[in-house]
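Student: Structure: final_5.txt, compact mmCIF, C-alpha atoms and all ligand atoms.
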# COMPACT_ATOMS: atom_id res chain seq x y z
CA MET I 1 158.75 109.63 219.71
CA PRO I 2 161.65 107.56 218.32
CA THR I 3 161.64 107.13 214.58
CA VAL I 4 160.22 104.04 212.92
CA PRO I 5 163.08 101.74 211.84
CA THR I 6 163.58 100.74 208.21
CA PHE I 7 165.06 97.81 206.32
CA ALA I 8 168.44 99.61 206.38
CA ASP I 9 168.32 99.33 210.19
CA VAL I 10 167.69 95.58 209.88
CA GLN I 11 170.73 95.30 207.60
CA ALA I 12 172.85 97.29 210.07
CA ALA I 13 171.63 95.04 212.89
CA ALA I 14 172.65 91.97 210.86
CA ASP I 15 176.20 93.36 210.67
CA ARG I 16 176.29 94.03 214.42
CA ILE I 17 175.07 90.60 215.53
CA ARG I 18 177.18 88.62 213.04
CA GLY I 19 179.52 86.29 214.90
CA HIS I 20 177.54 86.74 218.15
CA ALA I 21 174.06 85.44 217.33
CA HIS I 22 173.71 82.05 215.65
CA ARG I 23 172.59 81.90 212.06
CA THR I 24 169.85 79.41 212.85
CA PRO I 25 168.92 76.60 210.47
CA VAL I 26 166.01 76.66 208.04
CA LEU I 27 164.43 73.21 208.32
CA THR I 28 162.01 71.50 205.98
CA SER I 29 159.95 68.32 206.30
CA ARG I 30 158.72 66.32 203.35
CA ARG I 31 156.19 64.64 205.58
CA ILE I 32 154.69 67.90 206.83
CA ASP I 33 154.70 69.29 203.27
CA ALA I 34 152.79 66.19 202.15
CA GLU I 35 150.29 66.63 204.99
CA THR I 36 149.70 70.36 204.46
CA GLY I 37 150.08 70.49 200.67
CA ALA I 38 152.35 73.55 200.97
CA GLN I 39 156.12 73.89 200.87
CA LEU I 40 157.13 75.03 204.35
CA TYR I 41 160.41 76.62 205.44
CA PHE I 42 160.87 76.70 209.21
CA LYS I 43 163.27 79.34 210.58
CA CYS I 44 164.29 77.65 213.82
CA GLU I 45 164.98 80.27 216.48
CA ASN I 46 164.56 77.60 219.11
CA PHE I 47 168.23 76.97 218.24
CA GLN I 48 169.19 80.63 218.83
CA ARG I 49 171.46 81.53 221.76
CA MET I 50 169.46 81.45 225.03
CA GLY I 51 166.77 79.58 223.15
CA ALA I 52 164.80 82.32 221.36
CA PHE I 53 165.09 85.14 218.81
CA LYS I 54 165.13 87.73 221.64
CA PHE I 55 168.96 87.59 221.70
CA ARG I 56 169.03 89.30 218.29
CA GLY I 57 167.26 92.48 219.34
CA ALA I 58 168.94 92.58 222.74
CA PHE I 59 172.44 92.29 221.32
CA ASN I 60 171.70 94.85 218.62
CA ALA I 61 170.32 97.37 221.14
CA LEU I 62 173.18 96.97 223.63
CA SER I 63 175.84 97.16 220.88
CA ARG I 64 174.68 100.71 220.21
CA PHE I 65 175.26 101.98 223.78
CA ASP I 66 177.83 104.77 224.12
CA ASP I 67 180.55 104.63 226.80
CA ASP I 68 178.44 106.31 229.50
CA GLN I 69 175.51 103.99 228.88
CA ARG I 70 177.79 100.95 228.98
CA ARG I 71 179.30 102.01 232.30
CA ALA I 72 175.95 102.75 233.98
CA GLY I 73 174.20 99.66 232.62
CA VAL I 74 170.91 98.47 231.14
CA LEU I 75 167.54 97.92 232.78
CA THR I 76 164.58 95.93 231.57
CA TYR I 77 161.40 94.33 232.86
CA SER I 78 160.39 90.87 231.74
CA SER I 79 159.80 87.47 233.23
CA GLY I 80 160.60 85.69 230.01
CA ASN I 81 162.94 85.41 227.08
CA HIS I 82 163.67 89.14 226.73
CA ALA I 83 165.20 89.14 230.23
CA GLN I 84 167.50 86.29 229.30
CA GLY I 85 168.36 87.89 225.97
CA ILE I 86 169.34 91.17 227.65
CA ALA I 87 171.23 89.36 230.42
CA LEU I 88 173.28 87.29 227.96
CA ALA I 89 173.97 90.17 225.56
CA ALA I 90 175.00 92.40 228.49
CA ASN I 91 177.28 89.68 229.80
CA ILE I 92 179.01 89.32 226.42
CA LEU I 93 179.42 93.09 226.05
CA GLY I 94 180.53 93.66 229.67
CA ILE I 95 177.53 95.86 230.51
CA PRO I 96 175.87 95.60 233.96
CA ALA I 97 172.23 94.47 233.65
CA THR I 98 169.33 94.92 236.06
CA ILE I 99 166.17 92.93 235.37
CA LEU I 100 162.83 93.61 237.06
CA MET I 101 160.95 90.35 237.54
CA PRO I 102 157.63 89.65 239.25
CA ASP I 103 157.68 87.84 242.62
CA ASP I 104 155.93 84.87 241.03
CA ALA I 105 158.29 84.45 238.05
CA PRO I 106 159.36 80.80 237.63
CA GLU I 107 162.53 80.13 239.62
CA SER I 108 164.13 78.48 236.57
CA LYS I 109 163.85 81.75 234.63
CA VAL I 110 165.17 83.80 237.56
CA ALA I 111 168.06 81.35 237.92
CA ALA I 112 168.88 81.49 234.19
CA THR I 113 168.91 85.29 234.27
CA VAL I 114 171.10 85.42 237.39
CA GLY I 115 173.29 82.77 235.77
CA TYR I 116 174.09 85.20 232.96
CA GLY I 117 175.35 87.65 235.60
CA ALA I 118 172.37 90.04 235.79
CA SER I 119 170.96 91.49 239.03
CA VAL I 120 167.32 90.61 239.45
CA VAL I 121 164.98 93.00 241.31
CA ARG I 122 161.65 91.42 242.29
CA PHE I 123 158.35 93.27 242.42
CA ASP I 124 154.72 92.51 243.23
CA ARG I 125 152.98 91.93 239.88
CA TYR I 126 149.56 92.73 241.32
CA GLY I 127 150.41 95.65 243.60
CA GLU I 128 153.16 97.54 241.77
CA ASP I 129 153.53 99.03 238.32
CA ARG I 130 156.67 97.67 236.71
CA GLU I 131 156.99 100.54 234.28
CA GLU I 132 156.90 103.05 237.13
CA ILE I 133 159.48 101.11 239.15
CA GLY I 134 161.59 100.77 236.01
CA ARG I 135 161.52 104.48 235.30
CA ALA I 136 162.42 105.33 238.92
CA LEU I 137 165.33 102.86 238.98
CA ALA I 138 166.58 104.04 235.61
CA ALA I 139 166.50 107.69 236.68
CA GLU I 140 168.15 107.04 240.05
CA LYS I 141 171.07 105.02 238.67
CA GLY I 142 171.35 106.39 235.14
CA LEU I 143 170.43 103.05 233.60
CA THR I 144 169.18 102.82 230.00
CA LEU I 145 165.81 101.12 229.72
CA ILE I 146 165.46 98.64 226.86
CA PRO I 147 161.84 97.48 226.65
CA PRO I 148 160.91 94.07 225.18
CA TYR I 149 159.44 95.17 221.85
CA ASP I 150 158.64 98.86 221.34
CA HIS I 151 162.15 100.08 220.51
CA PRO I 152 163.74 100.67 217.08
CA ASP I 153 166.89 98.64 217.82
CA ILE I 154 164.86 95.72 219.17
CA ILE I 155 162.61 95.70 216.09
CA ALA I 156 165.58 95.93 213.71
CA GLY I 157 167.42 93.12 215.52
CA GLN I 158 164.39 90.81 215.45
CA GLY I 159 164.04 91.51 211.70
CA THR I 160 167.34 89.74 211.05
CA ALA I 161 165.68 86.33 211.53
CA THR I 162 163.42 86.91 208.52
CA MET I 163 166.26 88.50 206.56
CA GLU I 164 168.32 85.30 206.99
CA LEU I 165 165.33 83.15 206.08
CA LEU I 166 164.69 85.03 202.83
CA GLU I 167 168.39 85.01 201.96
CA GLU I 168 168.15 81.23 201.94
CA THR I 169 164.73 80.68 200.39
CA GLY I 170 164.39 83.58 197.97
CA GLU I 171 160.88 84.97 197.41
CA LEU I 172 158.12 83.32 199.41
CA ASP I 173 154.37 83.43 198.81
CA ALA I 174 153.55 83.86 202.49
CA LEU I 175 155.26 84.33 205.84
CA PHE I 176 153.70 83.45 209.21
CA VAL I 177 155.08 85.08 212.37
CA CYS I 178 153.92 84.85 215.98
CA LEU I 179 152.79 88.03 217.67
CA GLY I 180 153.01 89.32 221.24
CA GLY I 181 153.98 92.98 221.43
CA GLY I 182 154.98 92.89 217.78
CA GLY I 183 158.77 93.28 217.82
CA LEU I 184 159.31 90.08 215.86
CA LEU I 185 156.44 90.65 213.43
CA SER I 186 157.28 94.28 212.67
CA GLY I 187 160.95 93.42 212.12
CA ALA I 188 159.91 90.53 209.89
CA ALA I 189 157.66 92.89 207.91
CA LEU I 190 160.53 95.33 207.32
CA ALA I 191 162.70 92.53 205.94
CA ALA I 192 159.97 90.82 203.91
CA ARG I 193 158.58 93.99 202.33
CA ALA I 194 162.10 94.84 201.08
CA MET I 195 163.27 91.37 200.08
CA ALA I 196 160.05 89.68 198.95
CA PRO I 197 157.62 92.47 198.00
CA SER I 198 154.73 90.22 196.99
CA CYS I 199 154.97 87.96 200.06
CA ARG I 200 151.79 87.85 202.16
CA ILE I 201 152.76 88.63 205.78
CA VAL I 202 150.53 87.16 208.48
CA GLY I 203 150.83 87.65 212.25
CA VAL I 204 149.52 84.97 214.61
CA GLU I 205 148.46 85.70 218.20
CA PRO I 206 146.80 83.58 220.89
CA GLU I 207 143.03 83.24 220.55
CA ALA I 208 142.65 84.33 224.20
CA GLY I 209 144.28 87.69 223.46
CA ASP I 210 143.21 88.95 220.03
CA ASP I 211 144.16 92.59 220.63
CA GLY I 212 146.28 92.52 217.45
CA VAL I 213 143.34 91.48 215.27
CA ARG I 214 141.17 94.15 216.88
CA SER I 215 143.87 96.83 216.62
CA LEU I 216 144.36 96.16 212.92
CA ARG I 217 140.61 96.28 212.34
CA SER I 218 139.97 99.44 214.36
CA GLY I 219 143.09 101.32 213.25
CA SER I 220 144.24 102.09 216.82
CA ILE I 221 146.00 100.13 219.55
CA VAL I 222 143.53 98.05 221.57
CA HIS I 223 144.40 97.28 225.23
CA ILE I 224 143.21 94.04 226.87
CA ASP I 225 143.65 92.25 230.22
CA THR I 226 146.55 89.78 230.39
CA PRO I 227 145.27 86.86 228.31
CA VAL I 228 145.10 83.39 229.83
CA THR I 229 146.95 81.11 227.41
CA ILE I 230 149.78 78.58 227.39
CA ALA I 231 151.62 80.93 224.98
CA ASP I 232 153.40 82.77 227.80
CA GLY I 233 155.67 84.67 225.40
CA ALA I 234 152.63 86.36 223.85
CA GLN I 235 150.66 87.33 226.97
CA THR I 236 150.97 91.00 226.09
CA GLN I 237 148.21 93.51 226.75
CA HIS I 238 148.78 95.72 223.73
CA LEU I 239 150.99 96.36 220.71
CA GLY I 240 153.69 99.03 220.81
CA VAL I 241 153.44 102.43 219.19
CA LEU I 242 156.30 101.68 216.78
CA THR I 243 155.40 98.06 216.19
CA PHE I 244 151.78 98.96 215.40
CA GLU I 245 152.89 101.67 212.99
CA ILE I 246 154.85 99.09 210.96
CA ILE I 247 152.28 96.32 211.35
CA ARG I 248 149.39 98.38 210.05
CA ARG I 249 151.45 99.58 207.11
CA ASP I 250 153.15 96.31 206.09
CA VAL I 251 151.30 93.32 207.56
CA ASP I 252 148.46 91.83 205.49
CA ASP I 253 146.55 90.01 208.18
CA ILE I 254 146.53 88.84 211.80
CA VAL I 255 144.93 85.53 212.76
CA THR I 256 144.71 83.58 216.02
CA ALA I 257 145.51 80.08 217.24
CA SER I 258 143.92 78.30 220.21
CA ASP I 259 145.83 76.55 222.99
CA ALA I 260 144.64 73.18 221.65
CA GLU I 261 146.07 74.04 218.21
CA LEU I 262 149.35 75.04 219.86
CA VAL I 263 149.59 71.69 221.65
CA ALA I 264 148.85 69.83 218.40
CA ALA I 265 151.59 71.79 216.61
CA MET I 266 154.00 71.15 219.48
CA ARG I 267 153.41 67.42 219.09
CA VAL I 268 154.05 67.51 215.33
CA PHE I 269 157.29 69.44 215.87
CA ALA I 270 158.45 66.86 218.42
CA SER I 271 157.33 63.72 216.67
CA THR I 272 158.01 64.59 213.02
CA MET I 273 160.82 67.14 213.15
CA LYS I 274 162.35 66.03 216.48
CA ILE I 275 162.46 69.57 217.82
CA VAL I 276 161.32 71.04 221.14
CA VAL I 277 159.33 74.23 220.61
CA GLU I 278 157.75 76.28 223.40
CA PRO I 279 153.99 76.95 223.13
CA THR I 280 154.45 80.54 221.87
CA GLY I 281 156.89 79.28 219.25
CA CYS I 282 154.10 77.09 217.81
CA LEU I 283 151.72 79.96 216.98
CA ALA I 284 152.79 80.45 213.36
CA PHE I 285 152.79 76.74 212.49
CA ALA I 286 149.45 76.20 214.24
CA ALA I 287 147.86 78.83 211.98
CA VAL I 288 149.51 77.36 208.88
CA ARG I 289 148.10 73.93 209.72
CA ARG I 290 144.58 75.33 210.06
CA LEU I 291 144.84 77.46 206.90
CA ALA I 292 146.54 74.71 204.87
CA PRO I 293 143.74 74.45 202.28
CA GLU I 294 144.38 78.09 201.29
CA LEU I 295 148.13 77.55 201.14
CA ALA I 296 148.21 74.51 198.84
CA GLY I 297 151.12 74.64 196.41
CA ARG I 298 152.54 77.80 198.05
CA ARG I 299 156.02 78.41 199.42
CA VAL I 300 155.50 79.49 203.01
CA GLY I 301 157.94 80.74 205.66
CA VAL I 302 157.20 79.83 209.27
CA ILE I 303 159.07 81.53 212.11
CA VAL I 304 159.64 79.14 215.02
CA SER I 305 160.37 81.73 217.71
CA GLY I 306 161.75 79.79 220.66
CA GLY I 307 162.23 76.55 222.56
CA ASN I 308 162.33 77.57 226.22
CA VAL I 309 159.93 75.29 228.03
CA ASP I 310 160.65 73.27 231.19
CA LEU I 311 160.85 69.58 230.37
CA ASP I 312 158.13 68.69 232.88
CA ARG I 313 155.77 71.25 231.38
CA PHE I 314 156.60 70.08 227.86
CA ALA I 315 155.83 66.48 228.82
CA ALA I 316 152.57 67.49 230.52
CA LEU I 317 151.46 69.55 227.52
CA ILE I 318 152.15 66.98 224.82
CA THR I 319 150.39 64.23 226.76
CA SER I 320 147.40 66.41 227.68
C1 LIG I 401 158.79 87.39 222.95
C2 LIG I 401 158.38 86.18 222.23
C3 LIG I 401 157.37 86.21 221.25
C4 LIG I 401 156.61 87.47 220.92
O1 LIG I 401 157.45 88.46 220.40
P1 LIG I 401 156.99 89.99 220.27
O2 LIG I 401 158.16 90.68 219.71
O3 LIG I 401 156.64 90.45 221.66
O4 LIG I 401 155.80 90.00 219.40
C5 LIG I 401 157.10 85.05 220.57
N1 LIG I 401 157.74 83.89 220.83
C6 LIG I 401 158.70 83.81 221.77
C7 LIG I 401 159.37 82.51 222.01
C8 LIG I 401 159.06 84.95 222.51
O5 LIG I 401 160.01 84.86 223.44
Turn the structure described in the file into structure tokens.
Ligand SMILES: *Cc1c(COP(=O)(O)O)cnc(C)c1O

Tutor:
Amino acid sequence: MPTVPTFADVQAAADRIRGHAHRTPVLTSRRIDAETGAQLYFKCENFQRMGAFKFRGAFNALSRFDDDQRRAGVLTYSSGNHAQGIALAANILGIPATILMPDDAPESKVAATVGYGASVVRFDRYGEDREEIGRALAAEKGLTLIPPYDHPDIIAGQGTATMELLEETGELDALFVCLGGGGLLSGAALAARAMAPSCRIVGVEPEAGDDGVRSLRSGSIVHIDTPVTIADGAQTQHLGVLTFEIIRRDVDDIVTASDAELVAAMRVFASTMKIVVEPTGCLAFAAVRRLAPELAGRRVGVIVSGGNVDLDRFAALITS
């Protein structure tokens, strides 16, 4: 098993991605502070390259390839932001990328991935096992598989978002981070435990898929069916081995947010802060809004993880 990354790995990742990833803004809103009673600092990864934090981990992981790995190329499976992150990072670094995507992946996502120069291989989501196909392809062509969250370089890269946030805000009382497979949350925990030791770290997952809550409670990784939720970036079935190791050691709590709460948060982001945030990117803020009474007077970090949502879907959601 690969070793669990540390804060030193997050710092090394920050050096590698400097000048390639954007240092995204930390936004504040007096109006939202007045409404919640807390002082909120939003780390806006919806302004990251390709529209989500996933570029950080992808670029960090691919930067560490040796010459043979670079020549042969990278492989991953994802229908979402990780695919685009890998495709863009590979394009910048001149590494061939192969992305396994389900037959029913949205054409806009396939087109964006192909647009970054990656080869897309389609598979039947219901009849074929993507991990098996991935392993076979990787073995046949010598490709290096970079999974979406359970990898030390991915975790370390994602941790740079929280590192940048804390560099700007100093110590925070609490930090809220959305949770799918746990790459973002475990990276955030590495940074926050080192830079803000007394900060309360809270993960937020969709109400429809509370495997994180149950895993934390039971002390082992709980597997669930693909949850039905508008938070498509967090429709994971289980945490990773590495991410869970860090989460259970460093994260204080995991809470959930419902689809209705995500839509409400999405509307506040658009109307008050004038920013477009995808449903998954609203998880942390949705939980902060519900828990506001407990957070009164506190300085709270909120990771806004991404902004990739088709305009038609965005319009339909905020008017629903
Ligand atoms: C991938 C993703 C998440 C979940 O990240 P994990 O590292 O899998 O927990 C959250 N928000 C967005 C926008 C994502 O793309």

Student: Counting all atoms listed in the file, which protein, DNA or RNA residues come within 7 Å of ligand LIG 401 (chain I), given as a ChimeraX atom specification?

Tutor: /I:52-54,80-82,148-149,178-185,233-234,278,280-281,305-307

Student: Between CA of Val26 (chain I) and CA of Leu166 (chain I), measure the distance and give it in Å to one decimal.

Tutor: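 Going from CA of Val26 (chain I) over to CA of Leu166 (chain I) covers 9.9 Å.
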
Student: Near Ile155 (chain I), within 10 Å and counting all atoms listed in the file, which residues show up once chain neighbours fewer than 6 positions away are dropped, as a list in words?

Tutor: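 So the residues in contact are Val4, Pro5, Thr6, Asp9, Val10, Ala13, Arg56, Gly57, Ala58, Asn60, Ala61, Pro148, Tyr149, Gly182, Gly183, Leu184, Leu185, Ser186, Gly187, Ala188, Ala189, Leu190, Leu242, Thr243 and Ile246 of chain I.
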
Student: Store the residues picked out above in a file with C-alpha atoms, as a JSON list (two decimals), in the frame of the given file.

Tutor:
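Below you can see out-v3.json, which holds the result:
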[["chain", "number", "residue", "atom", "x", "y", "z"],
["I", 4, "VAL", "CA", 160.22, 104.04, 212.92],
["I", 5, "PRO", "CA", 163.08, 101.74, 211.84],
["I", 6, "THR", "CA", 163.58, 100.74, 208.21],
["I", 9, "ASP", "CA", 168.32, 99.33, 210.19],
["I", 10, "VAL", "CA", 167.69, 95.58, 209.88],
["I", 13, "ALA", "CA", 171.63, 95.04, 212.89],
["I", 56, "ARG", "CA", 169.03, 89.30, 218.29],
["I", 57, "GLY", "CA", 167.26, 92.48, 219.34],
["I", 58, "ALA", "CA", 168.94, 92.58, 222.74],
["I", 60, "ASN", "CA", 171.70, 94.85, 218.62],
["I", 61, "ALA", "CA", 170.32, 97.37, 221.14],
["I", 148, "PRO", "CA", 160.91, 94.07, 225.18],
["I", 149, "TYR", "CA", 159.44, 95.17, 221.85],
["I", 182, "GLY", "CA", 154.98, 92.89, 217.78],
["I", 183, "GLY", "CA", 158.77, 93.28, 217.82],
["I", 184, "LEU", "CA", 159.31, 90.08, 215.86],
["I", 185, "LEU", "CA", 156.44, 90.65, 213.43],
["I", 186, "SER", "CA", 157.28, 94.28, 212.67],
["I", 187, "GLY", "CA", 160.95, 93.42, 212.12],
["I", 188, "ALA", "CA", 159.91, 90.53, 209.89],
["I", 189, "ALA", "CA", 157.66, 92.89, 207.91],
["I", 190, "LEU", "CA", 160.53, 95.33, 207.32],
["I", 242, "LEU", "CA", 156.30, 101.68, 216.78],
["I", 243, "THR", "CA", 155.40, 98.06, 216.19],
["I", 246, "ILE", "CA", 154.85, 99.09, 210.96]]

Student: Between CA of Pro25 (chain I) and CA of Val251 (chain I), what is the distance, to one decimal in Å?

Tutor: 24.5 Å

Student: Rank I:Gly115, I:Gly134, I:Pro152, I:Gly157 by their smallest atom-to-atom distance to Thr98 (chain I), using only C-alpha atoms, and report the top residue only.

Tutor: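 Closest to Thr98 (chain I), using only C-alpha atoms: I:Gly134.
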